[in-house]
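Novice: Structure incoming, see below.
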There are 2 protein chains.
Amino acid sequence: MCGIVGVIGKKDTTEILLNGLQKLEYRGYDSAGIYVNDQAGHDYLVKEKGKIAELDKAVGPEVQGTMGIGHTRWATHGEPSHDNAHPQVSASGRFYLVHNGVINNYQDLKAQYLKGVHFVSSTDTEVAVQLIAELVEDGGMDTESAFRKALSLIDGSYAFLLVDREQPDKLFVAKNKSPLLIGVGDGFNVVCSDALAMVAQTKDFVELHDGEMVVVTKDKISITDENNQPVERKPYTVNIDASDISKGTYPYYMLKEIDEQPNVLRRLVSEYMNEDGSFNFDPKLIEALREADKLYIVAAGTSYHAGLVGKPIIEEVAKIPVEVELASEFGYHMPLLSKKPFFIYLTQSGETADSRQVLVKTNALGYPSLTITNVEASTLSREADYTILLHAGPEIAVASTKAYTAQITIEAMLAKALAVVNNVPGAEDFDLKYQLSLAANGMQTIVDAKADLEQLAHEFFANTRNAFYIGRGIDYWASLEASLKLKEVSYIQAEGFAAGELKHGTISLIENGTPVAAIITDKETASHTRGNVQEVEARGAKTLKIVSEDLAKPGDQIVVPTLDTVLSPLVSIVPTQLLAYYATLQRGYNVDQPRNLAKSVTVE
Amino acid sequence: MCGIVGVIGKKDTTEILLNGLQKLEYRGYDSAGIYVNDQAGHDYLVKEKGKIAELDKAVGPEVQGTMGIGHTRWATHGEPSHDNAHPQVSASGRFYLVHNGVINNYQDLKAQYLKGVHFVSSTDTEVAVQLIAELVEDGGMDTESAFRKALSLIDGSYAFLLVDREQPDKLFVAKNKSPLLIGVGDGFNVVCSDALAMVAQTKDFVELHDGEMVVVTKDKISITDENNQPVERKPYTVNIDASDISKGTYPYYMLKEIDEQPNVLRRLVSEYMNEDGSFNFDPKLIEALREADKLYIVAAGTSYHAGLVGKPIIEEVAKIPVEVELASEFGYHMPLLSKKPFFIYLTQSGETADSRQVLVKTNALGYPSLTITNVEASTLSREADYTILLHAGPEIAVASTKAYTAQITIEAMLAKALAVVNNVPGAEDFDLKYQLSLAANGMQTIVDAKADLEQLAHEFFANTRNAFYIGRGIDYWASLEASLKLKEVSYIQAEGFAAGELKHGTISLIENGTPVAAIITDKETASHTRGNVQEVEARGAKTLKIVSEDLAKPGDQIVVPTLDTVLSPLVSIVPTQLLAYYATLQRGYNVDQPRNLAKSVTVE
């Protein structure tokens, strides 16, 4: 949450900052601000509550400069407001700071160092900028030393970008736990939370590590570590096409990304599967996985739901036990681990703070790890032993769609690869290449039938206050994701339930007309789930059935192609994504930017 | 769900049936009916939609007899209505049948044997009674043979009680998967789903096993097995006091049962814990648990939530790995099991069909098992290798309260007993007796402060459409139970969430005034959960904090005593039970009998 940008050495600083912030809007959009300095005695601070478009309107033509910083916010401390927006300014007006992260001890710092200082915001960030000002103005330190001193006092996560009005030829940068990159230009440099924000300026980026501090001028990037020792690091080149991050002819990113799923599947097949049935995975990774007695999949949100699907796939195909854990829980309450655990981190952005804190712990314990992510050189990718990329192209809509199906695809490939090297009996019957071609074609059929889904969304979800998705086994895991998708964009209070569990309490919420959608793709339990559908119908529910072709009966509204049961979420999820999309538009909301949410969740 | 009663050989048959049904109302209450025959040529069928009180009103003074059957329904097939209420009657008017369970193949039976027969209901039960009639009237079989033949054709679960008008001196009884008992009287006999219904008539009951058929007259109980071989079985005596099943001075059972919790805890200590620190558990059980490499706790609903708390208790205290599984899922999708699993079934009623189908499977696989239940001689108790009783007294309110805290207490005792015999380092630091005395006293303090909780319920839950409970670790598990309690009786769409996971999607549902209750009893994560509280407050949520004494801060509304962290749900749950209770009354609903629900869920 929160996105940061900075530029030094460019005449069109204001435009670069505003464009960059727009690309970072997926990280939060409840307020935003920029500070621009022309290095000739003029500077400007503009902040607005709301989205970047509001800030854009508020920036007058006079706001021009050659260096500056910007911020788009996802509130952690203090409500979204003008005062709480960043940049935060010291009481003296000399220091400007933008921040992504959470300062745990801000109240202690305030009490200990900043008695008598007047605060205008309720943010933790203002404490940091006031503290730096205090150390310079009362403590007599130079800015760089004061910044370093402040960092040593702060307990928490941060990406900081600081400007000292009296040294407008420098940007002061630091990072701990929150992501931050330096983009390298010719006669200019940029800073950003995500390369997406600055690929229009440069493709060459330098990654920063926790605890590092940087002084950036237009010609130079000076990195020092915690002990003030200089650090040398080469830039890497990012591989993002500017057209990947445009909506093209689509009204919303979410629809574009739903539609891209068949192609993502095919791309993954061509990236990772060879003609001879072997896989392009690092042989050392496969060896490390084989040595494990249990795989722990750690993730949050939609990635967690993809992990839940991974468990039955890997257990059934590769016969290796799997546990799936919520990152925010696992870090603080590790269960008894097996003797030889292997950790798999699922994270679209590669920056999820909850997952990263687990990775830091498992690294410290010496356990091997793999990150499956969409973003090359992201923090979790760098810090795990192995990485597999999702190759899904940038996912911009806050509600994740194509990353979910891509993650499941990679899990299935790993399962098959392990089954083959371990000679698991029956592994040859799991013809993954064929199944994935069925899945890609099936996805295409579903996204081509949008009009039907728009109509069903209208019938079931346009006006309801709540809704349920139910299923058993693999369909239960799909139901959890289907309901998350619906709730996060349409604000319908949707819950996913194990079909058999609903009657143990929650069925009391069923009223006349309550929508209950059932996912049915498993022939073992289809009749039981249909029994549960009858139970809710007997209590007045309006039921929508999403059924695989082999189990379909007259009256089932949505029929999806039949896959191997454990892979069925690859197709059963697609209509639910489209239902969420259309219901949201019908209810009059912005489907790409749901309230309160941020895509890349970089606070715990 | 559904409750069944039958009487033969009593002049006050009608009163006995109606009283018995009232005691079974916890099993379903959407419609009810009785059939009474005076064995002198007069008989009566009365059915009503709604609760037993409605049926009571509809029964005129003329409805008197010396034998009869009755039924209270929880609909599975067909909505609650007069036609769908039981007893179901054959087209000829000769056979009357009440049924608890689900007939899976009723549509096939109808198509194959009952073409041309006119049906008046949409129940699976009518198919059974019409089939019996067909076999007698067209097939020339006697009633007993026809009943047996019908049972052999039926695939499903059932407790059946059949009357043939032409043989009013007999009740025909059969059972498969659904519970059924025969009560033994002097010159009369009774039949019931649960001994509670008939303890006013007799304390001596004969249990029935799956596949058995029984012919009951006023003097004789003739049991035969599937192969028509006679079965001899002695009655057992139930230990239920009639006053246990009265509300006494309480307005509702739920409040009575919440208040009983300190006493239940103390009773469990005196039942199972000796002065010398040893436990009154079957030494063979402890030995069997020691031999296991993993414990699998299988349960549904509130018992599942008690199981979730059991995992950290047992893992932390006894250092034995535990998995907790939803019964309705586990039966059909068993994960890869450990080499030496031991199964623990948690079920208040001992009759939960979802759990029982798992027990049947694990028995077939030869795995050892323990049932922790409140009901002696219940199905799951009989069929598991070991039983531990909860001694909580009958739990009548549909929303479970005292069974939850009793289950956690037993789990803690097992954990401690195992830690002692296994010499787990640090086991002596877990002073369970002291902790349970703190817990019992703490519960008492909370239930004595009802007025405060009534006020908080009014402030937070009286008018909201949704709500959240959040917590981390042990507080997350308590949050799941707290939200289930709230939703099942007050119909507020409440969700329990891992505090760190809310921001990965669901936070978009937070609006101005949305109530979010946080449970905070773990000092490891207290500051993180408070951070999540600030996140939702920044988005307008109204927050209610339930905090243990050692972590309390000014402004926290509910402070509970500090226990060993893994035991904290014993006290943190009590205020949430009372909040659910008061919110429900404030919203104008019947807290003991929420719509759509049944207490003992005897269908899958």
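In the structure tokens, chains take letters A, B, ... by order of appearance, with residues numbered from 1 within each chain and ligands from 1 in the order shown.
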Give me, as a PyMOL selection string, the residues of chain A touching chain B, with the criterion being at most 7 Å (counting only C-alpha atoms).

Specialist: chain A and resi 75-79+300-301+315+321+328-329+333+336+472-473+484+487-488+491+500-501+503-509+534-535+538-539+594-597+604

Novice: What are the DSSP strand (DSSP E or B) residues of segment 478-562 of chain B, as a PyMOL selection string?

Specialist: chain B and resi 493-498+515-520+542-548+558-560

Novice: Fewer than 6 positions away in the same chain doesn't count, so skip those; otherwise give me all residues within 9 Å of Leu289 of chain B, counting only C-alpha atoms, as a short mmCIF file (atom, residue, chain, number, x, y, z; two decimals) with N, CA, C and O atoms, in the first residue's frame.

Specialist:
data_model
loop_
_atom_site.label_atom_id
_atom_site.label_comp_id
_atom_site.auth_asym_id
_atom_site.auth_seq_id
_atom_site.Cartn_x
_atom_site.Cartn_y
_atom_site.Cartn_z
N LEU B 295 -2.73 -36.33 15.38
CA LEU B 295 -4.13 -36.39 15.76
C LEU B 295 -4.96 -35.62 14.74
O LEU B 295 -4.60 -34.50 14.37
N PHE B 342 -4.62 -40.79 14.58
CA PHE B 342 -5.64 -41.06 15.59
C PHE B 342 -6.74 -40.02 15.37
O PHE B 342 -6.45 -38.83 15.26
N PRO B 368 -7.65 -45.88 15.12
CA PRO B 368 -8.26 -45.69 16.45
C PRO B 368 -8.97 -44.33 16.54
O PRO B 368 -8.62 -43.39 15.83
N LEU B 418 -1.22 -35.95 28.17
CA LEU B 418 -0.22 -36.48 27.24
C LEU B 418 1.16 -35.88 27.53
O LEU B 418 2.18 -36.58 27.45
#

Novice: Could you pull the residues within 7 Å of segment 434-441 of chain A, counting only C-alpha atoms, minus those fewer than 5 positions along the same chain, as an NGL selection string?

Specialist: :A and (262 or 265-266 or 563 or 570-571)

Novice: How many Å separate atom CA of Gly588 of chain B from atom CA of Lys51 of chain B?

Specialist: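 Separation between atom CA of Gly588 of chain B and atom CA of Lys51 of chain B: 17.2 Å.
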
Novice: Pick out the residues sitting within 12 Å of Lys11 of chain B, and hand them over as a list in words; count only C-alpha atoms, and ignore anything fewer than 5 positions along from it in its own chain.

Specialist: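 Counting only the stated atoms, we get Ile16, Leu17, Val36, Asn37, Asp38, Gln39, Val63, Gln64, Gly65, Thr66, Met67, Gly68, Gly187, Phe188 and Lys218 of chain B.
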